[in-house]
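S.K.: One structure follows; several queries about it will come next.
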Amino acid sequence: MTWGVAGLAVWFGARCALEGIDLEVPEGQITAVVGGDGAGKSTLLRVMAGLVPPSRGAVRLPDRRQLGYLPTRAGGFGDLTVEENLEFVASAARLHRSTPRVDELLQRTGLASFRRRLARDLSGGMRQKLGVSLALLPSPRLLVLDEPTTGIDPVSRSDLWRLIAAAAAQGTAVLASSAYLDEAERAAWVLVLHEGRTLVAGPPAEVTGTLPGAVVEVDAPADPARAWRRGSRWREWRPEGDPAAVAPGLEDVVIVASLAAGAEGAG
Amino acid sequence: MSLLEARSLTRRFGSFTAVDGVDLTVDGGEIVGVLGANGAGKTTLMRMILGLLRPSSGTVLLFGRPPSRGTRRSIGYVPQGMGLYRDLTAAENLAFAAAAFGVPAGPPPPGTETGLVGRMPLGPQRRLAFAVARQHHPRLLVLDEPTSGVAPLTRVRLWDQIREQAAAGAAILVTTHYMDEARQADRLVLLAGGRVVGEGREQDIVGEATAVVVHTGDWSGAFAALEAAGLAASLAGREVRLPGAGPDEVRRTLAAAGVAADITSAPATLEEAMVLAGAGAGPGAAAVGGVPGAR
Amino acid sequence: MQAMIRKEFRQLRRDRRTLALMIVVPLLLLVVFGYVARFDVKEIPTAVVGVQAEAVAALLPETFDVRIVDRAGSRATAEDLLRRSRAIIGVVAEPPLTILVDGSEMFAAQSALRRTGSALPFGEPQVEILFNPDLSTAAIMVPALIGMVLTAVGTVITSLGVVRERQEGTLEQLAVMPLRPRDVIVGKIAPYFLVGVIDMAVITAAGLLLFDVPFRGSWLVFIAGAVLFLLAVLGMGVLISTLSQTQGEAIQLAIMTMLPQVMLSGMIFPLTSMPWGVRWISYLLPLTYFIQIVRGVFLKATPIDALGIPFLALALLAAVVLSLAILRFRRDLAPSGRRAAEAPGAAA
């Protein structure tokens, strides 16, 4: 089963938050939405969580009970313990209070040794693991995670992605957002948003082939408006192509797409 | 002369040692990135350099002198939260900081000319935070995740500005835990458990660390089998990667589970190297591999 | 629903501040209204003057707590004693027997009026209410309200201003700028002081014009008292903000300090009718002394030498609160041992 949106537009009053978005979120796979602040990530994820109605376009979602959603920076209720948080979500989802799923998640996340700790006293990484666990607890068919790893250190981030990948391996459709492109490389499909529109979309390993022209690495750029620094050297976009082209990374593709879209200086 | 020089810097909180004998130098014109997991000691180290925290032992020299009110005139600092007054305009923020440093205020950067800072998108706010930090021509810039949360093009444009400051002779210390940012530094310092465990360029940090890469038509089967065997697998698109694992063990596990796969070995990514270095430092961390670049 | 209820109770149990507010406030109100809120004054400080002072004093019922007996005194002496708040009732023991009542002490005055007359064995005395002859509520409440409004501005608004810096992370930014801690502290408090002064001027003017409240005393005494009081409440504001991490916490704390001030400062209920079990709290509150000063200055033209105790207490409270506030604020700005770090040998 594949969830997703087609021809989606979302307007908040006179402001257009999303326009012309197509996205498929298949089960058993991680799909990533990447973009800067104000790109429309959260709005798209809230549409996919059934919280924002589309102004136009089609949305295909599972039943509410089969949908897990983790908003940005939500790691359960701070003044409940880890165990109480899980118990609350379990009873809200009409699961048995001592479902084996709770223990499984506690073990998998390493939260088992913090059962009695208040959520607000957990480290950032642990708190976020709790948040993802809470979203995973009812075994949803579609799991929507808004920036699950923002502000989280690399070790916890790696653990979190393993937890998310394990859910996908069990057949869950996972949709996760991030402000960082290097996160997208974990996904089977990435959608890069800019100001509510699609900038780049495809499997991360393949979108690099869609770059118009070429990217070269130079010491001094010919046209600074089309160049950006990578460490102490420059990368420059040559729309007409160049024999000295280097293999572009995902970041290069997105920057070129931003330059091509005239997105200079925004968000 | 190094503009920032920290020697055997140590800070204890009770019986916990947050920073343990760290040596760190940053020369003028150089961008040094400090990487590390939570609890690795990044924040404590930075606070000692800024003079917000006293070292338990060791010394910090800024421009060859111990930190004082005088050295603070030559430091520019952008905290993670940017430290801007959200209920003032960009010009008012610049004017306040300029007055505190006794310099004329610079112009607001593009996109921040009108309105209160709190109403601006993140990109312009980050540009403003950087403009505030550099308008008194600091010789040392300390930046905590300076491009967090912004669009890729905005990020590289911010890095253009950071580079300009380095080119003009400033020493720049950046703390981050995102590879998109780390890649922009001239030199990286990897902290784990309060100690420096790796230093140099990206390839120096990665060192000999490798990851086993599993190419298979059934990634979910492979992932489940490897996780069930207690191996720390991560997903990269439709491939499964196991940093620090042994190829034979992976091959055996997959064969036992009946998953057909093609197994190769590849250099670890910077992030994987960090995870391997940080393993054992944090609770719930991945299985311990070798510590790359340890000294 | 059951899950929701259980969750809410668990969270409530852990939110100590809200819980404290929910339990302490009603309890405080109960105690205050049960024990403190006595409009009926049992002991009225009384001065008896005149040639027959001793004889008259002996005949007065017990409610009149005779503190001063002055055979050589005259009506003017009695008036002066009332002006200086040394007594609320002045009995001039000369024919015709005159009882002077301090109208600025509303409840005491009313109690006294009820008990004069029939209670006295020497016929109907002449009763005169001084300072506030109509027993106008406005004349008594407006000066006190000036103090209450200033407490609100000084404590609540100042505490929010400082805690905002902490919450938004700009406090750290200030700490790394080449500013001295005193620049930051004085710079932070001065605008609120100025706002407080303007606020006070506006309320005072409005009170005098709209409610026809008399102002009989010295402006200088009033201003001196107001400045001391303002410093004390600003100090409370800064102190609260250094004890709070968020604006929500600061507001909760500020409310917890406001409530006893309103109840126990003598603004509404007379101090003299409070049992000592709570009255000692009154004597720790800046508003208590400020009200004594403003009521005295506004209504009775009390001279400064008769306000020594309230002035001294206010100055002491302001000094203590402000020093504590500055010490704690300094700690945020100049973390412990920055000095030591400046001396290379000291840290090694």
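The way I read the labels, and the way they are meant: chains A, B, ... in the order of the structure tokens, residue 1 as the first residue of every chain, and ligand 1 as the first ligand shown, with later ones counted on from there.
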From a DSSP calculation on the backbone, collect every residue of segment 75-218 of chain B in strand (DSSP E or B) and output the set as a ChimeraX atom specification.

M.R.: /B:75-78,89,116,140-144,171-175,187-192,195-200,210-215

S.K.: Could the residues in this selection be written to a file with N, CA and C atoms, as a compact mmCIF listing (two decimals), in the first residue's frame?

M.R.:
# COMPACT_ATOMS: atom_id res chain seq x y z
N ILE B 75 36.28 39.11 20.67
CA ILE B 75 35.61 37.84 20.41
C ILE B 75 34.22 38.11 19.85
N GLY B 76 33.87 37.36 18.84
CA GLY B 76 32.49 37.39 18.35
C GLY B 76 31.89 36.02 18.61
N TYR B 77 30.66 36.01 19.12
CA TYR B 77 30.07 34.73 19.52
C TYR B 77 28.65 34.64 18.99
N VAL B 78 28.36 33.55 18.31
CA VAL B 78 26.98 33.27 17.90
C VAL B 78 26.54 32.00 18.61
N THR B 89 14.33 45.50 16.36
CA THR B 89 14.59 45.35 14.93
C THR B 89 16.05 44.95 14.73
N LEU B 116 10.45 43.34 13.21
CA LEU B 116 11.11 42.81 14.40
C LEU B 116 11.78 41.49 14.07
N LEU B 140 38.65 36.49 17.02
CA LEU B 140 38.22 35.11 17.20
C LEU B 140 36.69 35.06 17.12
N LEU B 141 36.18 34.19 16.24
CA LEU B 141 34.74 34.00 16.14
C LEU B 141 34.41 32.61 16.65
N VAL B 142 33.48 32.53 17.59
CA VAL B 142 33.05 31.23 18.11
C VAL B 142 31.60 31.05 17.67
N LEU B 143 31.37 30.03 16.87
CA LEU B 143 30.06 29.84 16.25
C LEU B 143 29.51 28.46 16.62
N ASP B 144 28.32 28.45 17.24
CA ASP B 144 27.73 27.18 17.65
C ASP B 144 26.62 26.82 16.66
N ALA B 171 40.40 34.02 13.45
CA ALA B 171 40.39 32.60 13.81
C ALA B 171 38.95 32.21 14.06
N ILE B 172 38.53 31.06 13.51
CA ILE B 172 37.12 30.70 13.63
C ILE B 172 36.98 29.29 14.21
N LEU B 173 36.20 29.22 15.29
CA LEU B 173 35.94 27.94 15.94
C LEU B 173 34.44 27.64 15.78
N VAL B 174 34.15 26.51 15.15
CA VAL B 174 32.77 26.15 14.90
C VAL B 174 32.47 24.85 15.62
N THR B 175 31.40 24.80 16.40
CA THR B 175 31.00 23.50 16.93
C THR B 175 29.75 23.07 16.19
N ARG B 187 39.93 22.18 9.41
CA ARG B 187 40.49 21.17 10.28
C ARG B 187 39.40 20.79 11.28
N LEU B 188 39.32 19.51 11.59
CA LEU B 188 38.29 19.04 12.51
C LEU B 188 38.94 18.49 13.77
N VAL B 189 38.25 18.67 14.89
CA VAL B 189 38.70 18.08 16.15
C VAL B 189 37.53 17.27 16.67
N LEU B 190 37.75 15.99 16.87
CA LEU B 190 36.66 15.12 17.32
C LEU B 190 36.81 14.85 18.81
N LEU B 191 35.78 15.20 19.57
CA LEU B 191 35.79 14.96 21.02
C LEU B 191 34.92 13.76 21.35
N ALA B 192 35.37 12.96 22.30
CA ALA B 192 34.52 11.89 22.84
C ALA B 192 34.93 11.72 24.30
N ARG B 195 37.66 14.00 25.74
CA ARG B 195 39.03 13.98 25.20
C ARG B 195 39.02 14.16 23.70
N VAL B 196 40.15 14.61 23.16
CA VAL B 196 40.30 14.68 21.72
C VAL B 196 40.64 13.27 21.23
N VAL B 197 39.78 12.71 20.38
CA VAL B 197 40.04 11.36 19.89
C VAL B 197 40.36 11.34 18.40
N GLY B 198 40.30 12.48 17.76
CA GLY B 198 40.64 12.52 16.35
C GLY B 198 40.85 13.96 15.94
N GLU B 199 41.77 14.18 15.00
CA GLU B 199 42.08 15.55 14.61
C GLU B 199 42.59 15.55 13.19
N GLY B 200 42.24 16.57 12.45
CA GLY B 200 42.76 16.69 11.10
C GLY B 200 41.64 16.90 10.09
N THR B 210 36.13 1.49 8.66
CA THR B 210 35.40 1.07 7.47
C THR B 210 33.98 0.69 7.86
N ALA B 211 33.16 0.56 6.82
CA ALA B 211 31.81 0.07 7.03
C ALA B 211 31.56 -1.06 6.03
N VAL B 212 30.84 -2.07 6.48
CA VAL B 212 30.43 -3.13 5.57
C VAL B 212 29.16 -2.65 4.87
N VAL B 213 29.14 -2.79 3.53
CA VAL B 213 27.97 -2.35 2.78
C VAL B 213 27.27 -3.57 2.20
N VAL B 214 25.98 -3.69 2.47
CA VAL B 214 25.21 -4.83 1.99
C VAL B 214 24.28 -4.37 0.87
N HIS B 215 24.52 -4.89 -0.34
CA HIS B 215 23.65 -4.58 -1.47
C HIS B 215 22.74 -5.77 -1.65

S.K.: Counting only C-alpha atoms, which residues from chain B have an atom at most 9 Å from any atom of chain A, and could you show them as a count of residues only?

M.R.: 58

S.K.: Using DSSP on the backbone, list every residue of segment 55-198 of chain A that comes out as alpha helix (DSSP H), and give them as a PyMOL selection string.

M.R.: chain A and resi 82-92+100-109+124-136+154-169+181-184

S.K.: My list of candidates is C:Leu179, C:Leu287, C:Ile198, C:Ile255. Which is closest to chain B when distances are computed with only C-alpha atoms?

M.R.: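 Of C:Leu179, C:Leu287, C:Ile198, C:Ile255, the one nearest chain B is C:Leu179, counting only C-alpha atoms.
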
S.K.: Just give me the gap between atom CA of Thr242 of chain C and atom CA of Arg120 of chain A in Å, one decimal is fine.

M.R.: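 Between atom CA of Thr242 of chain C and atom CA of Arg120 of chain A the gap works out to 21.3 Å.
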
S.K.: Distance cut-off 7 Å, counting only C-alpha atoms - which residues of chain B neighbour chain C? Return them as a VMD selection string.

M.R.: chain B and resid 50 to 59 66 to 70 72 to 73 81 83 to 84 100 to 101

S.K.: Excluding Ala90 of chain B and residues on its chain fewer than 6 positions from it, collect all residues at most 9 Å away from it, counting only C-alpha atoms, and give them as a PyMOL selection string.

M.R.: chain B and resi 84+107-109+112-117+125+128

S.K.: Kindly provide the residues of chain A that approach chain C to within 9 Å, each paired with its closest atom pair and their distance in Å to one decimal, based on only C-alpha atoms, listed by chain and increasing number, as a Markdown table.

M.R.:
| residue | atom | partner | partner_atom | distance |
| --- | --- | --- | --- | --- |
| A:Phe77 | CA | C:Gln11 | CA | 8.3 |
| A:Gly78 | CA | C:Gln11 | CA | 8.5 |
| A:Asp79 | CA | C:Gln11 | CA | 5.5 |
| A:Leu80 | CA | C:Gln11 | CA | 6.2 |
| A:Glu84 | CA | C:Lys7 | CA | 7.8 |
| A:Asn85 | CA | C:Lys7 | CA | 8.3 |
| A:Glu87 | CA | C:Ala3 | CA | 8.4 |
| A:Phe88 | CA | C:Ala3 | CA | 5.8 |
| A:Val89 | CA | C:Ala3 | CA | 8.3 |
| A:Ala90 | CA | C:Ala3 | CA | 8.9 |
| A:Ser91 | CA | C:Ala3 | CA | 5.9 |
| A:Ala92 | CA | C:Ala3 | CA | 6.2 |

S.K.: Dump N, CA and C atoms for the selected residues as a PDB file, in the first residue's frame?

M.R.:
ATOM      1  N   PHE A  77       5.265  13.581  27.321  1.00  0.00           N
ATOM      2  CA  PHE A  77       4.940  14.554  28.350  1.00  0.00           C
ATOM      3  C   PHE A  77       6.089  14.628  29.342  1.00  0.00           C
ATOM      4  N   GLY A  78       6.637  15.817  29.515  1.00  0.00           N
ATOM      5  CA  GLY A  78       7.834  15.992  30.325  1.00  0.00           C
ATOM      6  C   GLY A  78       7.679  15.552  31.762  1.00  0.00           C
ATOM      7  N   ASP A  79       6.480  15.754  32.324  1.00  0.00           N
ATOM      8  CA  ASP A  79       6.332  15.437  33.739  1.00  0.00           C
ATOM      9  C   ASP A  79       5.716  14.061  33.977  1.00  0.00           C
ATOM     10  N   LEU A  80       5.792  13.219  32.976  1.00  0.00           N
ATOM     11  CA  LEU A  80       5.467  11.800  33.195  1.00  0.00           C
ATOM     12  C   LEU A  80       6.762  11.005  33.042  1.00  0.00           C
ATOM     13  N   GLU A  84       5.200   5.785  32.244  1.00  0.00           N
ATOM     14  CA  GLU A  84       3.860   6.380  32.248  1.00  0.00           C
ATOM     15  C   GLU A  84       3.479   6.935  30.882  1.00  0.00           C
ATOM     16  N   ASN A  85       4.473   7.502  30.189  1.00  0.00           N
ATOM     17  CA  ASN A  85       4.219   7.992  28.839  1.00  0.00           C
ATOM     18  C   ASN A  85       3.757   6.847  27.940  1.00  0.00           C
ATOM     19  N   GLU A  87       2.568   3.988  28.834  1.00  0.00           N
ATOM     20  CA  GLU A  87       1.297   3.457  29.322  1.00  0.00           C
ATOM     21  C   GLU A  87       0.135   4.327  28.839  1.00  0.00           C
ATOM     22  N   PHE A  88       0.341   5.641  28.868  1.00  0.00           N
ATOM     23  CA  PHE A  88      -0.724   6.545  28.429  1.00  0.00           C
ATOM     24  C   PHE A  88      -1.042   6.329  26.953  1.00  0.00           C
ATOM     25  N   VAL A  89       0.016   6.283  26.136  1.00  0.00           N
ATOM     26  CA  VAL A  89      -0.218   6.113  24.696  1.00  0.00           C
ATOM     27  C   VAL A  89      -0.843   4.745  24.430  1.00  0.00           C
ATOM     28  N   ALA A  90      -0.386   3.732  25.173  1.00  0.00           N
ATOM     29  CA  ALA A  90      -0.944   2.390  24.985  1.00  0.00           C
ATOM     30  C   ALA A  90      -2.438   2.383  25.312  1.00  0.00           C
ATOM     31  N   SER A  91      -2.816   3.003  26.447  1.00  0.00           N
ATOM     32  CA  SER A  91      -4.241   2.948  26.770  1.00  0.00           C
ATOM     33  C   SER A  91      -5.054   3.849  25.850  1.00  0.00           C
ATOM     34  N   ALA A  92      -4.437   4.952  25.391  1.00  0.00           N
ATOM     35  CA  ALA A  92      -5.160   5.804  24.448  1.00  0.00           C
ATOM     36  C   ALA A  92      -5.409   5.049  23.144  1.00  0.00           C
TER      37      ALA A  92
END

S.K.: Would you kindly return, as a list in words, each protein, DNA or RNA residue with an atom no farther than 12 Å from any atom of Leu259 of chain C, considering only C-alpha atoms and excluding same-chain residues fewer than 2 positions away?

M.R.: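 Selected residues are Leu21, Val24, Val25, Pro26, Leu27, Leu28, Leu29, Val32, Met148, Thr151, Ala152, Gln252, Leu253, Ala254, Ile255, Met256, Thr257, Gln261, Val262, Met263, Leu264, Ser265, Met267, Ser282, Leu285 and Leu287 of chain C.
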
S.K.: With only C-alpha atoms as the counted atoms, please give the residues lying no more than 10 Å from Trp11 of chain A, apart from itself and same-chain residues fewer than 4 positions off, as a list in words.

M.R.: Arg15, Cys16, Ala17, Leu18, Glu19, Pro53, Pro54, Ser55 and Arg56 of chain A

S.K.: What is the distance, in Å and to one decimal place, between atom CA of Leu327 of chain C and atom CA of Thr158 of chain C?

M.R.: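 Calculated distance between atom CA of Leu327 of chain C and atom CA of Thr158 of chain C is 16.4 Å.
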
S.K.: Which residues, written as a JSON list (two decimals) with C-alpha atoms, in the first residue's frame, have at least one atom at most 8 Å from Ala47 of chain C, with only C-alpha atoms counted and residues fewer than 2 positions away on the same chain left out?

M.R.:
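The result, written out as result39.json:
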[["chain", "number", "residue", "atom", "x", "y", "z"],
["C", 45, "PRO", "CA", -4.01, 53.11, 70.96],
["C", 49, "VAL", "CA", -4.10, 64.78, 77.72],
["C", 66, "VAL", "CA", -4.08, 54.09, 76.92],
["C", 67, "ARG", "CA", -0.46, 54.53, 75.97],
["C", 68, "ILE", "CA", 0.14, 58.14, 76.75],
["C", 69, "VAL", "CA", -1.11, 60.17, 79.67],
["C", 70, "ASP", "CA", 0.02, 63.79, 79.65],
["C", 78, "ALA", "CA", -3.18, 65.37, 71.19],
["C", 81, "LEU", "CA", 0.32, 62.65, 68.72],
["C", 87, "ALA", "CA", -2.23, 57.11, 69.02],
["C", 88, "ILE", "CA", -5.46, 56.77, 67.07],
["C", 89, "ILE", "CA", -7.68, 58.30, 69.72],
["C", 90, "GLY", "CA", -6.82, 61.46, 71.57],
["C", 91, "VAL", "CA", -8.88, 62.34, 74.62]]

S.K.: Please indicate the distance in Å from atom CA of Phe130 of chain B to atom CA of Pro146 of chain B, rounded to one decimal place.

M.R.: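 Calculated distance between atom CA of Phe130 of chain B and atom CA of Pro146 of chain B is 8.0 Å.
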
S.K.: When you look at Tyr192 of chain C with a cut-off of 12 Å (counting only C-alpha atoms), what residues show up, excluding the ones that are within fewer than 6 positions of it in the same chain? I need them as a VMD selection string.

M.R.: chain C and resid 150 to 162 185 to 186 198 to 200 230 to 231 233 to 235 237 to 238
